[in-house]
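First the structure, in the form of structure tokens, and then the observations on it.
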2 protein chains.
Amino acid sequence: MERVDVLNERLSKANLKLTKARKAIWETIASAAEPLSIPQIMNRAKKMCPSLGLVTVYRTLAVMEKAGLIKLFQTKDGSMGYVSSVLAAESHHVQCIICKKVVEFECTGMEDTIRAVEEKTGFCIERHNLELFGICPSCMKKSLQK
Amino acid sequence: MERVDVLNERLSKANLKLTKARKAIWETIASAAEPLSIPQIMNRAKKMCPSLGLVTVYRTLAVMEKAGLIKLFQTKDGSMGYVSSVLAAESHHVQCIICKKVVEFECTGMEDTIRAVEEKTGFCIERHNLELFGICPSCMKKSLQK
DNA sequence: CATCTAATTGAAAAAATTTTTCATTTGGAG
DNA sequence: CTCCAAATGAAAAATTTTTTCAATTAGATG
Ligand SMILES: [Mn+2]
Ligand SMILES: [Mn+2]
Ligand SMILES: [Zn+2]
Ligand SMILES: [Zn+2]
């Protein structure tokens with residue numbers, strides 16, 4: 001299924017129209033690997049839809065957020081940005097505390113931890129972010145050479 | 001250790017002063033169970049420090065965020081708010097995706113997951129943040145009643 | 001395809017939020 | 001206590017977000 005079909009499906013369910021502006025904004029967000037700020041979304045989407053106004057960006061983001069198509073997330077630098085809900089799903093990375101390099105990993109074996117938290121807190125856990133911090137192989141090597 | 005000592009420790013390390021305004025804002029955030037918006041922080045902190053100006057709230061939040069004392073989270077209404085990150089030194093929390101309530105938990109059983117990442121990535125892991133997202137008991141109850 | 005209509009749009013204005021500037025005050029070192 | 005860099009509040013400026021409104025458009029209907 002094309003990305004635009006995902007958009008159309010959600011919009012038509014809510015009696016909303018599939019417009020040029022919405023297509024452009026959706027393509028922008030759905031094709032990005034990182035959360036995008038509102039000015040970033042405006043700039044990129046405008047290339048696909050030159051008449052696009054900033055007001056429409058605000059309105060479209062509100063519509064898409066309500067429709068569950070996008071989510072507001074924290075970016076690496078601490079500010080906020082929008083990502084497609086699909087991409088927002090989970091984040092697993094390990095960062096070197098010395099050189100700050102970030103490496104993604106596949107997360108396995110969390111079941112017991114999550115079940116323990118569910119029992120203690122009564123929450124029903126749906127997803128998680130796990131950030132690990134440590135020393136990467138190359139920094140480890142350097143520190144051993146000293 | 002008192003809450004104000006935690007604040008003082010971080011501030012003095014960075015050659016920053018422990019002022020009335022900072023104490024009031026810190027107490028406000030560190031004693032709250034939910035993320036607080038900027039106007040909420042202003043209103044509550046002003047009770048402890050009546051001369052407090054909004055400008056100082058903005059400046060203090062920037063300082064505290066940089067110092068790692070507080071973090072931005074999503075509030076109930078979808079906007080963003082600040083929560084204390086220091087009292088929860090290990091940063092293990094679960095947040096309700098509906099009402100945005102944050103609950104800390106003791107993190108157990110992560111050894112296997114961490115060992116697997118160490119083997120795959122070559123990193124030597126020292127610490128971690130685990131953020132879980134799900135539905136809290138009271139929101140679960142409400143959704144079942146519908 | 002042409003017609004119709006409610007939804008959507010962009011521009012301008014208004015409102016709200018955030019940052020900058022600057023004179024005054026204050027924490028804390030000496 | 002004295003001193004001074006850091007911090008503060010008020011006002012102004014800048015920026016971001018929302019509202020208003022007339023014009024345009026998607027898409028349903030015939
Ligand atoms: Mn990641
Ligand atoms: Mn926490
Ligand atoms: Zn490294
Ligand atoms: Zn809840």
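All residue names refer to the structure tokens as shown: chains lettered A, B, ... in order, residues numbered from 1 in each chain, ligands numbered from 1 in order.
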Identify every residue of chain A that has at least one atom within 8 Å of any atom of chain D, counting only C-alpha atoms (C1' of nucleotides), and report the result as a ChimeraX atom specification.
/A:17-19
Residues up to 8 Å from ligand 4, counting only C-alpha atoms (C1' of nucleotides) and all ligand atoms: could you list those as JSON, numbers by chain?
{"B": [95, 96, 97, 98, 99, 100, 101, 135, 136, 137, 138, 139, 140]}
Neighbouring residues of Lys23 in chain B were defined as those with any atom within 12 Å, considering only C-alpha atoms (C1' of nucleotides); residues of the same chain fewer than 6 positions away were excluded. Please report them as a PyMOL selection string.
chain B and resi 2-8+11+17+29-31+45-49+52+56-57+60-61+64
Counting only C-alpha atoms (C1' of nucleotides) and all ligand atoms, what residues are within 6 Å of ligand 2, given as a PyMOL selection string?
chain B and resi 85+88+91-93+104
Could you please take those selected residues and save N, CA and C atoms as a PDB file, in the first residue's frame?
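Just written: part.pdb:
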```pdb
ATOM      1  N   SER B  85      13.833  15.057  36.584  1.00  0.00           N
ATOM      2  CA  SER B  85      14.490  13.839  36.126  1.00  0.00           C
ATOM      3  C   SER B  85      15.543  13.391  37.125  1.00  0.00           C
ATOM      4  N   ALA B  88      14.431  10.833  40.017  1.00  0.00           N
ATOM      5  CA  ALA B  88      14.369   9.511  39.403  1.00  0.00           C
ATOM      6  C   ALA B  88      15.672   9.244  38.691  1.00  0.00           C
ATOM      7  N   SER B  91      16.032   7.001  35.953  1.00  0.00           N
ATOM      8  CA  SER B  91      15.127   7.236  34.836  1.00  0.00           C
ATOM      9  C   SER B  91      14.425   5.979  34.357  1.00  0.00           C
ATOM     10  N   HIS B  92      13.656   5.438  35.253  1.00  0.00           N
ATOM     11  CA  HIS B  92      12.808   4.318  34.882  1.00  0.00           C
ATOM     12  C   HIS B  92      11.396   4.745  35.154  1.00  0.00           C
ATOM     13  N   HIS B  93      10.657   4.973  34.126  1.00  0.00           N
ATOM     14  CA  HIS B  93       9.285   5.339  34.386  1.00  0.00           C
ATOM     15  C   HIS B  93       8.357   4.799  33.333  1.00  0.00           C
ATOM     16  N   GLU B 104       7.185   5.970  38.560  1.00  0.00           N
ATOM     17  CA  GLU B 104       8.532   5.383  38.578  1.00  0.00           C
ATOM     18  C   GLU B 104       8.439   3.901  38.928  1.00  0.00           C
TER      19      GLU B 104
END
```
Write as a list in words the residues around ligand 1, taking 12 Å as the cut-off and counting only C-alpha atoms (C1' of nucleotides) and all ligand atoms.
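Final answer, ordered by chain and number: Ala33, Glu34, Pro35, Gln74, Thr75, Lys76, Leu87, Ala88, Ala89, Glu90, Ser91, His92, His93, Val94, Gln95, Lys101, Val102, Val103, Glu104, Phe105, Glu106, Cys107, His128, Asn129, Leu130, Glu131 and Leu132 of chain A.
Once chain A is least-squares aligned to chain B over all ordered C-alpha pairs, the remaining root-mean-square deviation is 4.7 Å.
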Quick one: DSSP alpha helix (DSSP H) residues in chain A, as a tab-separated table (two decimals) with N, CA, C and O atoms, in the first residue's frame?
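The result, written out as selection-v7.tsv:
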```tsv
chain	number	residue	atom	x	y	z
A	3	ARG	N	1.97	5.16	0.46
A	3	ARG	CA	1.84	6.02	1.62
A	3	ARG	C	0.59	6.90	1.54
A	3	ARG	O	-0.10	7.12	2.51
A	4	VAL	N	0.32	7.36	0.32
A	4	VAL	CA	-0.84	8.25	0.14
A	4	VAL	C	-2.15	7.51	0.41
A	4	VAL	O	-3.13	8.11	0.84
A	5	ASP	N	-2.15	6.22	0.22
A	5	ASP	CA	-3.36	5.43	0.50
A	5	ASP	C	-3.63	5.35	2.00
A	5	ASP	O	-4.78	5.38	2.43
A	6	VAL	N	-2.55	5.22	2.76
A	6	VAL	CA	-2.68	5.22	4.21
A	6	VAL	C	-3.36	6.51	4.65
A	6	VAL	O	-4.31	6.51	5.44
A	7	LEU	N	-2.88	7.61	4.07
A	7	LEU	CA	-3.45	8.91	4.38
A	7	LEU	C	-4.92	8.97	3.99
A	7	LEU	O	-5.78	9.36	4.78
A	8	ASN	N	-5.20	8.57	2.77
A	8	ASN	CA	-6.56	8.64	2.25
A	8	ASN	C	-7.52	7.81	3.08
A	8	ASN	O	-8.64	8.25	3.38
A	9	GLU	N	-7.08	6.65	3.47
A	9	GLU	CA	-7.91	5.77	4.28
A	9	GLU	C	-8.37	6.47	5.56
A	9	GLU	O	-9.56	6.51	5.87
A	10	ARG	N	-7.40	7.07	6.26
A	10	ARG	CA	-7.72	7.74	7.52
A	10	ARG	C	-8.59	8.96	7.31
A	10	ARG	O	-9.50	9.24	8.08
A	11	LEU	N	-8.28	9.72	6.25
A	11	LEU	CA	-9.03	10.95	6.01
A	11	LEU	C	-10.47	10.65	5.63
A	11	LEU	O	-11.40	11.26	6.17
A	12	SER	N	-10.65	9.73	4.72
A	12	SER	CA	-12.02	9.48	4.24
A	12	SER	C	-12.90	8.93	5.35
A	12	SER	O	-14.08	9.22	5.41
A	13	LYS	N	-12.30	8.16	6.24
A	13	LYS	CA	-13.05	7.68	7.39
A	13	LYS	C	-13.66	8.82	8.18
A	13	LYS	O	-14.70	8.68	8.81
A	20	LYS	N	-4.00	18.61	-1.90
A	20	LYS	CA	-2.58	18.73	-2.25
A	20	LYS	C	-1.74	19.03	-1.01
A	20	LYS	O	-0.68	18.45	-0.79
A	21	ALA	N	-2.26	19.97	-0.22
A	21	ALA	CA	-1.52	20.37	0.99
A	21	ALA	C	-1.33	19.17	1.92
A	21	ALA	O	-0.23	18.93	2.42
A	22	ARG	N	-2.38	18.43	2.13
A	22	ARG	CA	-2.29	17.29	3.05
A	22	ARG	C	-1.37	16.22	2.51
A	22	ARG	O	-0.62	15.59	3.27
A	23	LYS	N	-1.42	15.99	1.19
A	23	LYS	CA	-0.52	15.00	0.60
A	23	LYS	C	0.93	15.42	0.81
A	23	LYS	O	1.77	14.62	1.19
A	24	ALA	N	1.20	16.68	0.54
A	24	ALA	CA	2.58	17.17	0.64
A	24	ALA	C	3.10	17.07	2.07
A	24	ALA	O	4.23	16.63	2.31
A	25	ILE	N	2.27	17.45	3.02
A	25	ILE	CA	2.69	17.41	4.43
A	25	ILE	C	2.87	15.98	4.89
A	25	ILE	O	3.83	15.64	5.59
A	26	TRP	N	1.97	15.12	4.45
A	26	TRP	CA	2.08	13.71	4.83
A	26	TRP	C	3.34	13.06	4.25
A	26	TRP	O	4.09	12.38	4.94
A	27	GLU	N	3.59	13.32	2.97
A	27	GLU	CA	4.81	12.78	2.34
A	27	GLU	C	6.05	13.26	3.09
A	27	GLU	O	7.00	12.50	3.31
A	28	THR	N	6.04	14.51	3.46
A	28	THR	CA	7.18	15.09	4.16
A	28	THR	C	7.44	14.37	5.47
A	28	THR	O	8.57	13.93	5.74
A	29	ILE	N	6.40	14.21	6.25
A	29	ILE	CA	6.58	13.60	7.57
A	29	ILE	C	6.84	12.10	7.45
A	29	ILE	O	7.73	11.55	8.10
A	30	ALA	N	6.08	11.46	6.58
A	30	ALA	CA	6.17	9.99	6.51
A	30	ALA	C	7.49	9.53	5.90
A	30	ALA	O	7.90	8.39	6.11
A	38	ILE	N	7.98	22.35	12.90
A	38	ILE	CA	6.98	22.96	12.03
A	38	ILE	C	7.64	23.74	10.88
A	38	ILE	O	7.24	23.58	9.73
A	39	PRO	N	8.66	24.56	11.13
A	39	PRO	CA	9.32	25.22	9.99
A	39	PRO	C	9.93	24.22	9.00
A	39	PRO	O	9.88	24.44	7.79
A	40	GLN	N	10.48	23.14	9.51
A	40	GLN	CA	11.03	22.11	8.60
A	40	GLN	C	9.95	21.52	7.73
A	40	GLN	O	10.13	21.32	6.52
A	41	ILE	N	8.82	21.23	8.34
A	41	ILE	CA	7.70	20.65	7.58
A	41	ILE	C	7.24	21.65	6.53
A	41	ILE	O	7.05	21.30	5.36
A	42	MET	N	7.11	22.90	6.92
A	42	MET	CA	6.70	23.95	5.99
A	42	MET	C	7.65	24.02	4.80
A	42	MET	O	7.22	23.98	3.65
A	43	ASN	N	8.94	24.10	5.07
A	43	ASN	CA	9.92	24.24	4.00
A	43	ASN	C	9.90	23.06	3.04
A	43	ASN	O	9.91	23.24	1.82
A	44	ARG	N	9.88	21.87	3.58
A	44	ARG	CA	9.93	20.69	2.72
A	44	ARG	C	8.65	20.48	1.95
A	44	ARG	O	8.66	20.13	0.76
A	45	ALA	N	7.52	20.67	2.63
A	45	ALA	CA	6.24	20.42	1.95
A	45	ALA	C	5.98	21.46	0.87
A	45	ALA	O	5.34	21.17	-0.14
A	46	LYS	N	6.51	22.66	1.08
A	46	LYS	CA	6.30	23.73	0.11
A	46	LYS	C	6.92	23.39	-1.25
A	46	LYS	O	6.46	23.87	-2.28
A	47	LYS	N	7.94	22.56	-1.23
A	47	LYS	CA	8.55	22.15	-2.50
A	47	LYS	C	7.59	21.31	-3.33
A	47	LYS	O	7.62	21.36	-4.56
A	48	MET	N	6.73	20.57	-2.67
A	48	MET	CA	5.73	19.76	-3.38
A	48	MET	C	4.46	20.53	-3.64
A	48	MET	O	3.69	20.20	-4.54
A	54	LEU	N	1.56	28.63	5.88
A	54	LEU	CA	1.92	28.12	7.21
A	54	LEU	C	0.67	27.77	8.02
A	54	LEU	O	0.66	26.81	8.80
A	55	VAL	N	-0.38	28.55	7.83
A	55	VAL	CA	-1.63	28.28	8.56
A	55	VAL	C	-2.12	26.87	8.27
A	55	VAL	O	-2.59	26.16	9.16
A	56	THR	N	-2.02	26.48	7.01
A	56	THR	CA	-2.47	25.15	6.63
A	56	THR	C	-1.60	24.07	7.26
A	56	THR	O	-2.09	23.00	7.60
A	57	VAL	N	-0.33	24.37	7.42
A	57	VAL	CA	0.54	23.40	8.10
A	57	VAL	C	0.04	23.17	9.52
A	57	VAL	O	-0.15	22.03	9.94
A	58	TYR	N	-0.23	24.24	10.23
A	58	TYR	CA	-0.75	24.10	11.59
A	58	TYR	C	-2.05	23.31	11.60
A	58	TYR	O	-2.24	22.40	12.38
A	59	ARG	N	-2.95	23.68	10.70
A	59	ARG	CA	-4.25	23.01	10.69
A	59	ARG	C	-4.11	21.54	10.32
A	59	ARG	O	-4.77	20.67	10.90
A	60	THR	N	-3.24	21.26	9.37
A	60	THR	CA	-3.08	19.88	8.92
A	60	THR	C	-2.43	19.03	10.00
A	60	THR	O	-2.81	17.87	10.20
A	61	LEU	N	-1.47	19.59	10.70
A	61	LEU	CA	-0.83	18.83	11.77
A	61	LEU	C	-1.85	18.49	12.85
A	61	LEU	O	-1.86	17.36	13.37
A	62	ALA	N	-2.73	19.43	13.14
A	62	ALA	CA	-3.77	19.16	14.15
A	62	ALA	C	-4.69	18.03	13.68
A	62	ALA	O	-5.01	17.12	14.45
A	63	VAL	N	-5.07	18.10	12.42
A	63	VAL	CA	-5.94	17.06	11.85
A	63	VAL	C	-5.25	15.70	11.89
A	63	VAL	O	-5.83	14.70	12.33
A	64	MET	N	-4.01	15.67	11.47
A	64	MET	CA	-3.29	14.38	11.40
A	64	MET	C	-3.00	13.81	12.77
A	64	MET	O	-3.02	12.60	12.97
A	65	GLU	N	-2.75	14.70	13.71
A	65	GLU	CA	-2.49	14.22	15.07
A	65	GLU	C	-3.75	13.60	15.65
A	65	GLU	O	-3.71	12.53	16.24
A	66	LYS	N	-4.86	14.29	15.43
A	66	LYS	CA	-6.15	13.78	15.89
A	66	LYS	C	-6.47	12.44	15.24
A	66	LYS	O	-7.03	11.54	15.88
A	85	SER	N	3.32	8.10	12.93
A	85	SER	CA	3.06	7.19	14.05
A	85	SER	C	3.76	5.86	13.87
A	85	SER	O	4.19	5.24	14.83
A	86	VAL	N	3.84	5.43	12.63
A	86	VAL	CA	4.51	4.15	12.36
A	86	VAL	C	5.96	4.22	12.82
A	86	VAL	O	6.45	3.34	13.52
A	87	LEU	N	6.60	5.30	12.42
A	87	LEU	CA	8.01	5.45	12.76
A	87	LEU	C	8.23	5.69	14.24
A	87	LEU	O	9.28	5.38	14.79
A	88	ALA	N	7.21	6.25	14.88
A	88	ALA	CA	7.35	6.63	16.28
A	88	ALA	C	7.40	5.42	17.19
A	88	ALA	O	7.77	5.54	18.35
A	111	GLU	N	10.79	-9.04	28.01
A	111	GLU	CA	9.48	-9.53	28.47
A	111	GLU	C	9.37	-9.58	29.99
A	111	GLU	O	8.38	-9.12	30.57
A	112	ASP	N	10.39	-10.14	30.65
A	112	ASP	CA	10.31	-10.29	32.11
A	112	ASP	C	10.26	-8.94	32.81
A	112	ASP	O	9.47	-8.74	33.73
A	113	THR	N	11.12	-8.05	32.36
A	113	THR	CA	11.14	-6.71	32.94
A	113	THR	C	9.78	-6.06	32.81
A	113	THR	O	9.23	-5.51	33.78
A	114	ILE	N	9.21	-6.14	31.61
A	114	ILE	CA	7.93	-5.48	31.36
A	114	ILE	C	6.82	-6.13	32.17
A	114	ILE	O	5.98	-5.45	32.76
A	115	ARG	N	6.84	-7.46	32.26
A	115	ARG	CA	5.80	-8.14	33.03
A	115	ARG	C	5.89	-7.74	34.51
A	115	ARG	O	4.88	-7.54	35.18
A	116	ALA	N	7.11	-7.61	35.01
A	116	ALA	CA	7.29	-7.22	36.42
A	116	ALA	C	6.72	-5.84	36.68
A	116	ALA	O	6.07	-5.60	37.70
A	117	VAL	N	6.95	-4.92	35.73
A	117	VAL	CA	6.41	-3.56	35.90
A	117	VAL	C	4.89	-3.58	35.83
A	117	VAL	O	4.22	-2.90	36.60
A	118	GLU	N	4.34	-4.36	34.92
A	118	GLU	CA	2.88	-4.45	34.81
A	118	GLU	C	2.27	-4.93	36.12
A	118	GLU	O	1.27	-4.39	36.58
A	119	GLU	N	2.92	-5.90	36.74
A	119	GLU	CA	2.39	-6.42	38.01
A	119	GLU	C	2.50	-5.38	39.12
A	119	GLU	O	1.57	-5.18	39.89
A	120	LYS	N	3.64	-4.71	39.18
A	120	LYS	CA	3.85	-3.75	40.27
A	120	LYS	C	3.00	-2.50	40.13
A	120	LYS	O	2.54	-1.94	41.11
A	121	THR	N	2.82	-2.02	38.89
A	121	THR	CA	2.15	-0.73	38.69
A	121	THR	C	0.70	-0.85	38.24
A	121	THR	O	-0.04	0.13	38.31
A	137	PRO	N	33.38	0.44	21.39
A	137	PRO	CA	34.63	-0.33	21.22
A	137	PRO	C	35.83	0.56	20.96
A	137	PRO	O	36.90	0.35	21.56
A	138	SER	N	35.68	1.57	20.11
A	138	SER	CA	36.88	2.34	19.76
A	138	SER	C	37.33	3.23	20.92
A	138	SER	O	38.54	3.42	21.14
A	139	CYS	N	36.39	3.76	21.68
A	139	CYS	CA	36.78	4.56	22.84
A	139	CYS	C	37.38	3.67	23.92
A	139	CYS	O	38.30	4.08	24.65
A	140	MET	N	36.87	2.47	24.01
A	140	MET	CA	37.40	1.50	24.97
A	140	MET	C	38.88	1.22	24.66
A	140	MET	O	39.73	1.21	25.55
A	141	LYS	N	39.13	1.02	23.38
A	141	LYS	CA	40.49	0.72	22.92
A	141	LYS	C	41.45	1.87	23.25
A	141	LYS	O	42.51	1.67	23.81
A	142	LYS	N	40.97	3.08	22.94
A	142	LYS	CA	41.79	4.27	23.21
A	142	LYS	C	42.12	4.40	24.68
A	142	LYS	O	43.24	4.73	25.06
A	143	SER	N	41.11	4.17	25.53
A	143	SER	CA	41.35	4.36	26.97
A	143	SER	C	42.30	3.31	27.51
A	143	SER	O	43.01	3.55	28.48
A	144	LEU	N	42.34	2.15	26.87
A	144	LEU	CA	43.26	1.09	27.32
A	144	LEU	C	44.70	1.39	26.91
A	144	LEU	O	45.64	0.95	27.57
A	145	GLN	N	44.85	2.14	25.82
A	145	GLN	CA	46.20	2.44	25.33
A	145	GLN	C	46.95	3.45	26.19
A	145	GLN	O	48.16	3.58	26.07
```
May I ask which of the residues A:Gly122, A:Gly53, A:Gly134, A:Gly68 is the closest one to ligand 3, counting only C-alpha atoms and all ligand atoms?
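Looking at the shortest contact to ligand 3, the residue is A:Gly134.
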Quick check, in Å to one decimal: how far apart do CA of Ser84 in chain A and CA of Leu36 in chain A lie?
9.9 Å
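Nearest-residue note for chain A: choosing from C:DT3, C:DT9, C:DT19, C:DT26, the minimum distance belongs to C:DT9, counting only C-alpha atoms (C1' of nucleotides).
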Taking only C-alpha atoms (C1' of nucleotides) into account, what are the residues of chain C at most 12 Å from chain B, put as a list in words?
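That gives DT17, DT18, DT19, DT20, DT25, DT26, DG27, DG28 and DA29 of chain C for chain C.
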Write to file, as a PDB file, in the first residue's frame, the residues of the selection just made, with N, CA, C and O atoms (P, O5', C5', C4', C3', O3' and C1' of nucleotides).
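Below is the file part-v4.pdb, written as the result:
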```
ATOM      1  P    DT C  17      -0.440  31.574  25.907  1.00  0.00           P
ATOM      2  O5'  DT C  17       1.042  31.543  25.297  1.00  0.00           O
ATOM      3  C5'  DT C  17       1.302  30.741  24.167  1.00  0.00           C
ATOM      4  C4'  DT C  17       2.731  30.972  23.731  1.00  0.00           C
ATOM      5  C3'  DT C  17       3.774  30.738  24.823  1.00  0.00           C
ATOM      6  O3'  DT C  17       4.694  29.817  24.279  1.00  0.00           O
ATOM      7  C1'  DT C  17       4.157  32.788  23.722  1.00  0.00           C
ATOM      8  P    DT C  18       5.873  29.202  25.174  1.00  0.00           P
ATOM      9  O5'  DT C  18       7.089  30.166  24.809  1.00  0.00           O
ATOM     10  C5'  DT C  18       7.604  30.149  23.486  1.00  0.00           C
ATOM     11  C4'  DT C  18       8.667  31.209  23.354  1.00  0.00           C
ATOM     12  C3'  DT C  18       9.800  31.122  24.389  1.00  0.00           C
ATOM     13  O3'  DT C  18      10.982  30.846  23.652  1.00  0.00           O
ATOM     14  C1'  DT C  18       9.065  33.361  24.066  1.00  0.00           C
ATOM     15  P    DT C  19      12.445  30.952  24.244  1.00  0.00           P
ATOM     16  O5'  DT C  19      12.885  32.450  23.898  1.00  0.00           O
ATOM     17  C5'  DT C  19      12.933  32.849  22.541  1.00  0.00           C
ATOM     18  C4'  DT C  19      13.513  34.247  22.469  1.00  0.00           C
ATOM     19  C3'  DT C  19      14.846  34.416  23.205  1.00  0.00           C
ATOM     20  O3'  DT C  19      15.723  35.034  22.278  1.00  0.00           O
ATOM     21  C1'  DT C  19      13.295  36.073  23.913  1.00  0.00           C
ATOM     22  P    DT C  20      17.216  35.421  22.690  1.00  0.00           P
ATOM     23  O5'  DT C  20      17.141  36.998  22.884  1.00  0.00           O
ATOM     24  C5'  DT C  20      16.570  37.802  21.861  1.00  0.00           C
ATOM     25  C4'  DT C  20      16.546  39.253  22.326  1.00  0.00           C
ATOM     26  C3'  DT C  20      17.857  39.729  22.968  1.00  0.00           C
ATOM     27  O3'  DT C  20      18.226  40.917  22.289  1.00  0.00           O
ATOM     28  C1'  DT C  20      16.006  40.237  24.370  1.00  0.00           C
ATOM     29  P    DT C  25      17.079  48.171  43.419  1.00  0.00           P
ATOM     30  O5'  DT C  25      17.346  46.598  43.537  1.00  0.00           O
ATOM     31  C5'  DT C  25      16.336  45.687  43.101  1.00  0.00           C
ATOM     32  C4'  DT C  25      16.847  44.273  43.275  1.00  0.00           C
ATOM     33  C3'  DT C  25      17.328  43.944  44.683  1.00  0.00           C
ATOM     34  O3'  DT C  25      16.695  42.734  45.030  1.00  0.00           O
ATOM     35  C1'  DT C  25      18.964  43.338  43.102  1.00  0.00           C
ATOM     36  P    DT C  26      16.867  42.098  46.470  1.00  0.00           P
ATOM     37  O5'  DT C  26      17.953  40.972  46.202  1.00  0.00           O
ATOM     38  C5'  DT C  26      17.645  39.941  45.266  1.00  0.00           C
ATOM     39  C4'  DT C  26      18.820  38.982  45.217  1.00  0.00           C
ATOM     40  C3'  DT C  26      19.332  38.562  46.595  1.00  0.00           C
ATOM     41  O3'  DT C  26      19.633  37.194  46.513  1.00  0.00           O
ATOM     42  C1'  DT C  26      21.100  39.387  45.309  1.00  0.00           C
ATOM     43  P    DG C  27      19.530  36.267  47.780  1.00  0.00           P
ATOM     44  O5'  DG C  27      20.622  35.168  47.402  1.00  0.00           O
ATOM     45  C5'  DG C  27      20.571  34.547  46.116  1.00  0.00           C
ATOM     46  C4'  DG C  27      21.944  34.039  45.758  1.00  0.00           C
ATOM     47  C3'  DG C  27      22.601  33.198  46.842  1.00  0.00           C
ATOM     48  O3'  DG C  27      23.278  32.136  46.186  1.00  0.00           O
ATOM     49  C1'  DG C  27      23.918  35.141  46.432  1.00  0.00           C
ATOM     50  P    DG C  28      23.829  30.928  47.023  1.00  0.00           P
ATOM     51  O5'  DG C  28      25.352  31.387  47.232  1.00  0.00           O
ATOM     52  C5'  DG C  28      26.187  31.536  46.083  1.00  0.00           C
ATOM     53  C4'  DG C  28      27.485  32.200  46.504  1.00  0.00           C
ATOM     54  C3'  DG C  28      28.141  31.597  47.762  1.00  0.00           C
ATOM     55  O3'  DG C  28      29.525  31.652  47.549  1.00  0.00           O
ATOM     56  C1'  DG C  28      27.919  33.845  48.051  1.00  0.00           C
ATOM     57  P    DA C  29      30.474  30.388  47.917  1.00  0.00           P
ATOM     58  O5'  DA C  29      31.883  30.844  47.320  1.00  0.00           O
ATOM     59  C5'  DA C  29      31.943  31.533  46.060  1.00  0.00           C
ATOM     60  C4'  DA C  29      32.998  32.618  46.113  1.00  0.00           C
ATOM     61  C3'  DA C  29      34.206  32.259  46.990  1.00  0.00           C
ATOM     62  O3'  DA C  29      35.379  32.745  46.352  1.00  0.00           O
ATOM     63  C1'  DA C  29      33.177  34.224  47.829  1.00  0.00           C
TER      64       DA C  29
END
```
Give me, please, the distance in Å between CA of Met80 in chain B and CA of Glu126 in chain A, quoted to one decimal.
21.0 Å
CA of Ala67 in chain B to CA of Arg127 in chain B: how many Å, to one decimal?
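Distance reported for this atom pair: 18.1 Å.
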